[in-house]
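Notes follow the structure.
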Amino acid sequence: MRALVIIDMQNDFMPWGSLPVNGGDAIIPLINRLTDHFQHVYATMDWHPPDHVSFALNHGKRPGEQLEIGHRKIALWPIHCVQGSLGAELVSPLKKEKIEKIFHKGIDPLDDSYGVFFDEEKKRSTGLYEYLKKKRIKELYFTGVATEYCVKYSVCSALELGFSATVILDACRGVHLKPGDEADAIKEMQAKGAAIVTSQNLLKTH
Ligand code: VGL
Ligand code: ZN
């Protein structure tokens with residue numbers, strides 16, 4: 001059984017948000033069309049407390065800088081997706097009716113979470129893994145933002161957990177902090193066994 005996973009389609013990751021992904025809004029109509037082709041649709045939301053460790057301002061630093069805590073290096077971002085804020089809401093044109101369940105990530109103030117299954121230290125599960133197991137869903141199709149971060153981490157993690165993972169590339173967008181990041185992410189996902197398709201392939205065959 002297969003499922004569509006919509007990653008972090010929240011206001012703060014849109015061009016009008018605090019951590020904008022260029023063209024993030026352009027993929028909304030496509031994602032809406034894709035939801036009609038899946039029996040199971042899940043969404044994730046980046047969902048940080050205000051004192052979250054990844055917010056540069058909480059450390060008197062600038063976005064783009066890093067924070068070293070013990071052996072860990074944490075990338076610092078602008079304040080984004082604060083629990084309950086407008087910036088954290090799913091974008092309004094996204095069709096919510098087909099979304100069976102929403103999973104929240106990045107809840108722990110002390111740990112960041114790019115992947116949709118666990119936080120970076122793997123201490124806390126978002127519940128998605130357990131839920132998919134229960135539903136016997138083994139094939140995951142990924143859409144959303146950002147290709148080089150949450151999408152990549154989620155895809156790699158899905159493969160490690162034994163799912164098959166397909167990236168619907170034109171229904172994903174990258175943040176492009178550095179040129180070449182997105183291309184590298186695609187190569188890495190492919191090398192780990194992910195399939196890369198376009199929405200057209202999917203809309204045609206199903
Ligand atoms: C993400 C940056 C900060 C993501 C989350 O989910 O891609 N990126 N927080
Ligand atoms: Zn975040």
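Chain lettering (A, B, ...) mirrors the order of the structure tokens, residue numbering begins at 1 for each chain separately, and ligand numbering begins at 1 in order of display.
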Selection as a ChimeraX atom specification: residues within 10 Å of ligand 1 by only C-alpha atoms and all ligand atoms: /A:7-10,12-13,19-21,44-48,54-55,75-81,105-106,112-116,144-154,173-175
Please produce a file of those selected residues containing C-alpha atoms, as a compact mmCIF listing (two decimals), in the first residue's frame.
# COMPACT_ATOMS: atom_id res chain seq x y z
CA ILE A 7 6.21 17.93 3.85
CA ASP A 8 6.03 21.28 5.66
CA MET A 9 3.71 23.21 3.30
CA GLN A 10 3.47 25.99 5.89
CA ASP A 12 6.79 30.38 6.87
CA PHE A 13 8.33 28.28 4.07
CA LEU A 19 12.22 31.13 5.90
CA PRO A 20 11.15 31.47 2.30
CA VAL A 21 11.52 28.73 -0.25
CA THR A 44 4.00 17.05 8.31
CA MET A 45 4.41 20.38 10.05
CA ASP A 46 7.55 21.95 11.42
CA TRP A 47 6.30 22.87 14.88
CA HIS A 48 8.78 24.65 17.11
CA SER A 54 17.51 26.29 15.87
CA PHE A 55 16.43 29.95 16.13
CA ALA A 75 22.30 25.07 11.82
CA LEU A 76 20.66 28.31 12.85
CA TRP A 77 17.61 29.69 11.09
CA PRO A 78 15.31 32.69 11.31
CA ILE A 79 12.42 32.23 13.72
CA HIS A 80 9.92 30.05 11.84
CA CYS A 81 6.95 27.75 12.34
CA LYS A 105 8.27 17.70 14.05
CA GLY A 106 10.88 19.84 15.80
CA ASP A 112 16.08 20.02 15.55
CA SER A 113 14.25 17.69 13.23
CA TYR A 114 14.55 17.78 9.47
CA GLY A 115 13.28 14.27 8.90
CA VAL A 116 9.61 13.41 9.26
CA GLY A 144 6.86 19.56 -0.34
CA VAL A 145 9.75 21.65 1.00
CA ALA A 146 12.64 21.91 1.33
CA THR A 147 14.23 19.44 -1.09
CA GLU A 148 17.73 19.65 0.43
CA TYR A 149 16.56 19.51 4.03
CA CYS A 150 13.36 17.96 5.15
CA VAL A 151 12.64 16.08 1.92
CA LYS A 152 16.15 14.65 1.69
CA TYR A 153 16.36 13.66 5.36
CA SER A 154 12.93 12.09 5.24
CA ARG A 173 11.17 22.93 -3.95
CA GLY A 174 14.58 23.67 -2.49
CA VAL A 175 15.80 26.63 -0.40
7 Å contact set for A:Pro109, only C-alpha atoms, chain neighbours under 3 positions out, as a PDB file with N, CA, C and O atoms, in the first residue's frame:
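Wrote around-v1.pdb, looks like this:
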ATOM      1  N   PRO A  49       8.708  25.191  19.496  1.00  0.00           N
ATOM      2  CA  PRO A  49       8.409  26.091  20.615  1.00  0.00           C
ATOM      3  C   PRO A  49       9.205  27.390  20.421  1.00  0.00           C
ATOM      4  O   PRO A  49      10.229  27.383  19.725  1.00  0.00           O
ATOM      5  N   ASP A  51      11.272  28.921  22.199  1.00  0.00           N
ATOM      6  CA  ASP A  51      12.666  28.875  22.668  1.00  0.00           C
ATOM      7  C   ASP A  51      13.470  27.802  21.931  1.00  0.00           C
ATOM      8  O   ASP A  51      14.433  27.258  22.464  1.00  0.00           O
ATOM      9  N   HIS A  52      13.101  27.514  20.688  1.00  0.00           N
ATOM     10  CA  HIS A  52      13.758  26.420  19.976  1.00  0.00           C
ATOM     11  C   HIS A  52      15.236  26.693  19.688  1.00  0.00           C
ATOM     12  O   HIS A  52      15.616  27.805  19.334  1.00  0.00           O
ATOM     13  N   VAL A  53      16.023  25.646  19.814  1.00  0.00           N
ATOM     14  CA  VAL A  53      17.485  25.733  19.671  1.00  0.00           C
ATOM     15  C   VAL A  53      17.922  26.179  18.274  1.00  0.00           C
ATOM     16  O   VAL A  53      18.990  26.753  18.108  1.00  0.00           O
TER      17      VAL A  53
END
Which of A:Met1, A:Asn32, A:Asp111, A:Lys61 sits closest to A:Ile74 [using only C-alpha atoms]: A:Asp111
Interatomic distance (Å, one decimal) between atom CA of A:Thr198 and atom CA of A:Thr166: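 Separating atom CA of A:Thr198 from atom CA of A:Thr166 is a distance of 9.8 Å.
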Nearest candidate to A:Ile137 (options A:Ile99, A:Val5, A:Val197, A:Leu94; using only C-alpha atoms): A:Val5
